[in-house]
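Student: This is the structure I have questions about; it appears just below.
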Amino acid sequence: MQLSNFIKTALLVMTTLLLSACAKDAQLSLPALFTDNMVLQQNSQAAIWGKASPGTEVTVSGDWGASASATAADDSTWLLNLTTAKAGGPYVLTVSARQSSITINNVLLGEVWLGSGQSNMEMPLTGWPPNDLIMDSEATINASENPDIRMFTVVRNTSALPLEDVTGNWQMASPETSGRFSATAYFFARKLHRELNVPIGIIHSSWGGTPAEAWVSGQMLAIDKDYSSIIEQIKELGPQAELYNEWLNQHESTLISIKDNKDPLIGIDIFDEYCTNPSTSTEEWPVMSIPGTFEESEIGAFDGAVWLRREVKIPAEWEGRNLVLNLGPIDDRDVTYFNGIQVGATEEDGFWQMERRYTIASEWVNAGRAVIAVRVIDTQGGGGFGGQSEDLTIAPENQPEAAIHLAGDWPYMVVGELRGNRLYLLNPEDNDFADRPSLSLALTAHTPSVLYNAMIAPLTPYTLKGAIWYQGESNVGRAHQYMRLKSMLVTDWRNQFENPDLSFYYVQLAPWHYNDLDGHASAHLREAQRRMMDLPNTGMISTLDIGNVDNIHPANKTDVGERLALWALAHDYQMEVPFSGPVPAEKETQGNALHLSFRHTEDALIINEEVPNQFEIAEEDGVFHPAQTEIKGDTLILSSPQVSEPVNARYAYKNGSEASLFNSAGLLAPSFSTENEIAESH
């Protein structure tokens with residue numbers, strides 16, 4: 001009997017220990033990057049990491065024949081390096097710890113690149129209709145079926161502190177998925193795949209309208225005098241931001257990620273009935289001046305949903321007549337009601353510049369008080385009414401001269417806040433937004449370091465071959481500072497991804513008017529970009545020939561991606577291909593002419609005479625004059641009757657410049673200046 005009790009006790013202890021071990025194993029987890037369809041860098045020691053109970057031994061095995069182990073530290077984190085084979089697959093990756101395991105299917109070994117920047121990198125293959133379109137978009141998407149090209153798109157997010165994970169998933173290129181791929185990154189990947197015939201994985205992390213400093217770590221920015229102070233403020237903001245996030249998480253929320261090609265923000269109900277009901281009182285609602293943006297109001301920096309209302313008195317003579325409601329452009333999406341009846345909506349993404357003009361049917365028009373209610377969803381950047389005061393009117397159809405003007409103070413109520421891939425719903429009846437925790441500093445996508453914290457730090461130290469970067473528009477006017485920022489960014493990423501030789505290829509800004517076609521603000525920034533080519537393992541492409549001075553989002557992303565790929569093919573994969581346009585090397589004054597020699601001429605310099613003259617020279621006084629041109633081998637000779645002793649030259653050095661200088665391979669020269677210092681004037 002005593003032996004039996006002893007056995008029972010022993011079994012109970014063993015069972016308890018086993019259950020305890022299993023409970024710990026249940027804490028095994030991986031970041032979003034390590035999921036089905038992922039691509040690992042071939043022929044490398046690929047970094048893999050996650051979490052498990054402290055002290056747990058974790059083993060990662062790939063069925064190409066490699067295995068590695070690590071022990072979870074006291075903070076539950078573990079990291080190991082797994083030997084990868086040459087390109088191939090699909091494989092299965094197994095992560096195990098005692099009784100727990102995670103299986104990752106359809107894994108490929110190939111070449112992995114990071115694509116980042118602002119809107120011209122973010123712009124998807126579908127474009128942003130109706131104004132921002134991608135050349136040959138439909139044909140490209142229809143022909144995109146290729147399981148060897150895969151992209152992980154990081155959901156936009158900000159954070160005062162570095163995060164451990166992102167939201168996103170790996171997608172194989174197909175007509176069903178590729179429309180949402182970054183167009184520039186897709187064309188880069190497609191070119192690499194065609195030339196190398198290996199799987200290509202792109203981790204895409206970008207956000208339109210964002211400056212370079214948002215993508216650099218606080219640790220790196222703190223060494224720069226322009227950013228040290230705000231980085232200290234952001235550090236102090238960390239606990240406040242955590243409290244704010246806890247408050248947000250107490251509210252109901254909905255996922256806003258596109259799934260099965262359906263946009264969840266189209267047709268969404270965000271307290272519509274309550275906020276559009278004419279009987280709902282707005283006496284306690286705050287007001288904002290319309291037209292205007294949320295950022296200019298007491299709301300401040302904000303992405304989310306806001307209801308705005310305006311009361312009007314309909315004259316007796318308008319009763320029973322069709323009315324036309326003009327609201328001007330609304331950033332980004334709207335649904336509009338008249339006396340509780342929906343009269344119009346522009347809910348698709350990309351229409352933020354389009355005028356809203358809605359017809360109110362005659363049967364809904366009665367004399368007396370009427371309520372116009374507009375729900376605006378701002379998904380990024382400034383949000384609100386973007387037109388002029390005279391744009392906002394309501395008038396009988398075909399009688400615009402009788403219009404009632406709607407500009408002025410509109411009561412408003414914040415009903416939803418966008419964070420990452422979720423819309424948090426804020427009850428207007430309780431005015432939830434007014435009770436939010438205070439923040440000493442508003443976090444926006446423009447705040448230094450916050451995009452690094454939320455959208456780059458969680459990706460490190462994923463093993464990459466290199467990075468491609470398309471950004472700079474938001475730093476125009478700050479050329480000197482941009483040179484420092486770009487150097488910090490490249491150094492920072494190389495440190496964080498534990499790859500001191502990480503290749504970094506980027507795009508020189510395309511021409512755009514910047515409100516002054518003949519101004520120099522973007523030319524100075526382009527020159528800063530050109531001079532950054534002195535950083536080791538970097539390369540730059542020019543887009544002077546494929547820009548659009550009327551649209552900051554040029555349609556031709558094919559050449560952008562493929563030109564970036566040429567740098568990779570030549571430098572990372574040792575292919576004998578032309579990869580650069582002519583780059584100025586040396587200058588020499590000979591008499592009244594300035595001689596410029598070039599690298600990367602590919603046997604010849606070529607000037608397109610059909611393009612207006614893009615060359616200027618100046619004496620020591622710095623006043624530039626149009627230059628006459630002559631080519632001798634790899635040397636360009638510039639002269640002007642107005643310049644007797646030239647010392648400097650400029651090429652394509654205006655906001656709206658065009659490309660005219662090429663090499664025999666058809667690759668164009670970047671815009672450039674030979675001056676020692678880059679000017680900052682606009």
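Labels for the structure tokens follow display order: chains A, B, ..., residues from 1 in each chain, ligands from 1.
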Name the residues of region 76-149 of chain A that come out as strand (DSSP E or B) in a backbone DSSP run; write them as a PyMOL selection string.

Tutor: chain A and resi 77-83+88-97+100-117+124+128+132+146-149

Student: Output N, CA and C atoms for every residue in that selection, as a tab-separated table (two decimals), in the first residue's frame.

Tutor:
chain	number	residue	atom	x	y	z
A	77	THR	N	14.20	36.06	-25.02
A	77	THR	CA	14.61	36.15	-26.42
A	77	THR	C	15.68	35.12	-26.75
A	78	TRP	N	15.67	34.67	-27.97
A	78	TRP	CA	16.73	33.80	-28.48
A	78	TRP	C	17.03	34.18	-29.93
A	79	LEU	N	18.27	33.93	-30.34
A	79	LEU	CA	18.72	34.24	-31.70
A	79	LEU	C	19.77	33.23	-32.09
A	80	LEU	N	19.70	32.76	-33.32
A	80	LEU	CA	20.71	31.84	-33.83
A	80	LEU	C	20.96	32.11	-35.31
A	81	ASN	N	22.00	31.51	-35.82
A	81	ASN	CA	22.33	31.62	-37.24
A	81	ASN	C	22.28	30.24	-37.87
A	82	LEU	N	21.47	30.13	-38.91
A	82	LEU	CA	21.26	28.85	-39.59
A	82	LEU	C	21.96	28.87	-40.94
A	83	THR	N	22.78	27.86	-41.19
A	83	THR	CA	23.49	27.78	-42.47
A	83	THR	C	22.50	27.47	-43.59
A	88	GLY	N	17.15	27.61	-53.87
A	88	GLY	CA	16.27	26.49	-54.18
A	88	GLY	C	15.08	26.44	-53.24
A	89	GLY	N	14.37	25.34	-53.31
A	89	GLY	CA	13.17	25.15	-52.50
A	89	GLY	C	12.01	24.69	-53.37
A	90	PRO	N	10.84	24.58	-52.81
A	90	PRO	CA	10.47	24.99	-51.45
A	90	PRO	C	10.95	24.00	-50.39
A	91	TYR	N	11.25	24.56	-49.22
A	91	TYR	CA	11.70	23.80	-48.08
A	91	TYR	C	10.74	23.99	-46.90
A	92	VAL	N	10.97	23.18	-45.86
A	92	VAL	CA	10.23	23.31	-44.61
A	92	VAL	C	11.22	23.69	-43.52
A	93	LEU	N	10.87	24.70	-42.75
A	93	LEU	CA	11.68	25.13	-41.61
A	93	LEU	C	10.93	24.73	-40.34
A	94	THR	N	11.61	24.06	-39.44
A	94	THR	CA	10.98	23.61	-38.20
A	94	THR	C	11.67	24.24	-37.01
A	95	VAL	N	10.89	24.88	-36.16
A	95	VAL	CA	11.40	25.49	-34.93
A	95	VAL	C	10.82	24.70	-33.76
A	96	SER	N	11.68	24.11	-32.95
A	96	SER	CA	11.18	23.22	-31.90
A	96	SER	C	11.84	23.52	-30.56
A	97	ALA	N	11.08	23.27	-29.51
A	97	ALA	CA	11.58	23.42	-28.15
A	97	ALA	C	10.82	22.43	-27.28
A	100	SER	N	7.06	21.52	-27.95
A	100	SER	CA	6.42	22.47	-28.85
A	100	SER	C	7.20	22.60	-30.15
A	101	SER	N	6.50	22.89	-31.22
A	101	SER	CA	7.19	23.12	-32.49
A	101	SER	C	6.34	24.03	-33.37
A	102	ILE	N	7.01	24.77	-34.22
A	102	ILE	CA	6.37	25.62	-35.22
A	102	ILE	C	6.93	25.22	-36.57
A	103	THR	N	6.04	24.97	-37.52
A	103	THR	CA	6.46	24.57	-38.86
A	103	THR	C	6.20	25.71	-39.84
A	104	ILE	N	7.22	26.07	-40.60
A	104	ILE	CA	7.11	27.11	-41.62
A	104	ILE	C	7.25	26.44	-42.98
A	105	ASN	N	6.22	26.54	-43.77
A	105	ASN	CA	6.18	25.84	-45.05
A	105	ASN	C	6.52	26.76	-46.23
A	106	ASN	N	6.86	26.10	-47.33
A	106	ASN	CA	7.08	26.79	-48.60
A	106	ASN	C	8.16	27.87	-48.48
A	107	VAL	N	9.27	27.51	-47.84
A	107	VAL	CA	10.40	28.42	-47.66
A	107	VAL	C	11.33	28.30	-48.87
A	108	LEU	N	11.76	29.43	-49.39
A	108	LEU	CA	12.73	29.44	-50.48
A	108	LEU	C	14.06	30.02	-50.00
A	109	LEU	N	15.13	29.54	-50.58
A	109	LEU	CA	16.45	30.14	-50.40
A	109	LEU	C	16.77	30.92	-51.67
A	110	GLY	N	17.17	32.16	-51.50
A	110	GLY	CA	17.43	33.00	-52.66
A	110	GLY	C	18.11	34.29	-52.25
A	111	GLU	N	17.78	35.37	-52.92
A	111	GLU	CA	18.37	36.68	-52.64
A	111	GLU	C	17.33	37.57	-51.96
A	112	VAL	N	17.70	38.18	-50.83
A	112	VAL	CA	16.76	38.97	-50.03
A	112	VAL	C	17.23	40.42	-49.98
A	113	TRP	N	16.33	41.32	-50.33
A	113	TRP	CA	16.62	42.75	-50.33
A	113	TRP	C	15.55	43.49	-49.54
A	114	LEU	N	15.96	44.61	-48.97
A	114	LEU	CA	15.05	45.52	-48.27
A	114	LEU	C	14.75	46.70	-49.18
A	115	GLY	N	13.47	47.04	-49.35
A	115	GLY	CA	13.06	48.22	-50.11
A	115	GLY	C	12.40	49.21	-49.18
A	116	SER	N	12.88	50.47	-49.17
A	116	SER	CA	12.35	51.43	-48.22
A	116	SER	C	12.37	52.83	-48.81
A	117	GLY	N	11.69	53.76	-48.11
A	117	GLY	CA	11.66	55.15	-48.54
A	117	GLY	C	10.30	55.76	-48.32
A	124	PRO	N	2.08	51.33	-55.12
A	124	PRO	CA	1.88	49.93	-55.54
A	124	PRO	C	1.72	49.80	-57.05
A	128	TRP	N	-2.20	54.77	-57.60
A	128	TRP	CA	-3.20	55.42	-56.76
A	128	TRP	C	-4.13	56.22	-57.67
A	132	ASP	N	-2.42	59.21	-59.89
A	132	ASP	CA	-1.09	58.63	-59.75
A	132	ASP	C	-1.10	57.19	-60.26
A	146	ASN	N	4.43	34.33	-60.46
A	146	ASN	CA	5.79	33.85	-60.29
A	146	ASN	C	6.03	33.54	-58.82
A	147	PRO	N	5.97	32.26	-58.43
A	147	PRO	CA	6.15	31.90	-57.02
A	147	PRO	C	7.58	32.13	-56.52
A	148	ASP	N	8.51	32.45	-57.43
A	148	ASP	CA	9.89	32.72	-57.03
A	148	ASP	C	10.12	34.18	-56.64
A	149	ILE	N	9.12	35.05	-56.87
A	149	ILE	CA	9.22	36.44	-56.43
A	149	ILE	C	8.23	36.63	-55.29

Student: Write out as JSON, numbers by chain the residues lying within 8 Å of region 466-482 of chain A, counting only C-alpha atoms and excluding same-chain residues fewer than 4 positions away.

Tutor: {"A": [112, 113, 114, 115, 116, 117, 118, 119, 120, 121, 185, 209, 210, 211, 212, 486, 502, 503, 504, 505, 506, 507, 508, 509, 521, 522, 524, 525, 527, 528, 564, 678, 679, 680, 681, 682]}

Student: For Gly519 (chain A), which residue among A:Ala143, A:Leu451, A:Ile372, A:Gly656 is the nearest when counting only C-alpha atoms?

Tutor: A:Gly656

Student: What lies within 8 Å of region 245-260 of chain A using only C-alpha atoms, ignoring chain neighbours under 6 positions off, as a list of chain:residue names?

Tutor: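 Here the qualifying residues turn out to be A:Glu176, A:Asn421, A:Arg422, A:Leu423, A:Tyr424, A:Leu425, A:Leu426, A:Arg436, A:Pro437.
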
Student: Using the selection just defined, write its residues with N, CA and C atoms as a PDB file, in the first residue's frame.

Tutor:
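out-v3.pdb written:
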ATOM      1  N   GLU A 176      -3.366  38.075 -58.334  1.00  0.00           N
ATOM      2  CA  GLU A 176      -4.226  38.340 -57.182  1.00  0.00           C
ATOM      3  C   GLU A 176      -3.519  39.145 -56.098  1.00  0.00           C
ATOM      4  N   ASN A 421      -2.289  48.575 -38.452  1.00  0.00           N
ATOM      5  CA  ASN A 421      -3.327  48.014 -39.331  1.00  0.00           C
ATOM      6  C   ASN A 421      -4.685  47.927 -38.638  1.00  0.00           C
ATOM      7  N   ARG A 422      -4.884  48.758 -37.613  1.00  0.00           N
ATOM      8  CA  ARG A 422      -6.151  48.723 -36.896  1.00  0.00           C
ATOM      9  C   ARG A 422      -6.758  50.122 -36.806  1.00  0.00           C
ATOM     10  N   LEU A 423      -8.098  50.163 -36.864  1.00  0.00           N
ATOM     11  CA  LEU A 423      -8.852  51.377 -36.616  1.00  0.00           C
ATOM     12  C   LEU A 423      -9.540  51.218 -35.265  1.00  0.00           C
ATOM     13  N   TYR A 424      -9.144  52.045 -34.306  1.00  0.00           N
ATOM     14  CA  TYR A 424      -9.719  51.993 -32.963  1.00  0.00           C
ATOM     15  C   TYR A 424     -10.938  52.919 -32.930  1.00  0.00           C
ATOM     16  N   LEU A 425     -12.079  52.383 -32.507  1.00  0.00           N
ATOM     17  CA  LEU A 425     -13.340  53.118 -32.541  1.00  0.00           C
ATOM     18  C   LEU A 425     -13.539  53.886 -31.248  1.00  0.00           C
ATOM     19  N   LEU A 426     -13.854  55.177 -31.374  1.00  0.00           N
ATOM     20  CA  LEU A 426     -14.002  56.073 -30.236  1.00  0.00           C
ATOM     21  C   LEU A 426     -15.432  56.590 -30.204  1.00  0.00           C
ATOM     22  N   ARG A 436      -8.551  61.070 -23.862  1.00  0.00           N
ATOM     23  CA  ARG A 436      -7.313  60.350 -24.157  1.00  0.00           C
ATOM     24  C   ARG A 436      -6.169  60.852 -23.269  1.00  0.00           C
ATOM     25  N   PRO A 437      -5.202  59.986 -22.939  1.00  0.00           N
ATOM     26  CA  PRO A 437      -4.040  60.432 -22.163  1.00  0.00           C
ATOM     27  C   PRO A 437      -3.252  61.476 -22.941  1.00  0.00           C
TER      28      PRO A 437
END

Student: Would you please extract all helix (DSSP H, G or I) residues from region 449-658 of chain A, as assigned by DSSP on the backbone, and give them as an NGL selection string?

Tutor: :A and (450-459 or 473-475 or 479-496 or 521-534 or 558-571)

Student: Which residue, A:Glu213, A:Asp36, A:Glu122, A:Leu441, has the smallest gap to Gln240 (chain A) when you use only C-alpha atoms?

Tutor: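 Comparing A:Glu213, A:Asp36, A:Glu122, A:Leu441 against Gln240 (chain A), the winner is A:Leu441.
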
Student: Name the closest residue to Thr346 (chain A) among the candidates A:Ile266, A:Val365, A:Ala370, A:Ala445; distances are taken between atoms, counting only C-alpha atoms.

Tutor: A:Ile266

Student: Rounded to one decimal, what separation in Å do you get between CA of Leu192 (chain A) and CA of Tyr573 (chain A)?

Tutor: 9.7 Å

Student: What's around Thr543 (chain A) at 9 Å? Count only C-alpha atoms, leave out sequence neighbours fewer than 4 positions away in its own chain, and write the answer as a list in words.

Tutor: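 Listing them by chain and then by number gives Val507, Gln508, Leu509, Ala510, Pro511, Gly547, Asp559, Val560, Ala659, Leu668 and Pro670 of chain A.
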
Student: So that I have them on file, write out the residues from the current selection with C-alpha atoms, as a PDB file, in the first residue's frame.

Tutor:
ATOM      1  CA  VAL A 507      17.231  56.914 -56.608  1.00  0.00           C
ATOM      2  CA  GLN A 508      18.112  60.515 -57.387  1.00  0.00           C
ATOM      3  CA  LEU A 509      14.936  62.596 -57.259  1.00  0.00           C
ATOM      4  CA  ALA A 510      12.909  62.924 -60.426  1.00  0.00           C
ATOM      5  CA  PRO A 511      12.058  66.401 -61.770  1.00  0.00           C
ATOM      6  CA  GLY A 547       9.995  62.340 -64.357  1.00  0.00           C
ATOM      7  CA  ASP A 559      13.021  51.760 -65.436  1.00  0.00           C
ATOM      8  CA  VAL A 560      13.525  52.815 -61.813  1.00  0.00           C
ATOM      9  CA  ALA A 659      17.938  64.626 -69.149  1.00  0.00           C
ATOM     10  CA  LEU A 668      21.800  58.965 -68.291  1.00  0.00           C
ATOM     11  CA  PRO A 670      22.728  62.485 -62.879  1.00  0.00           C
TER      12      PRO A 670
END
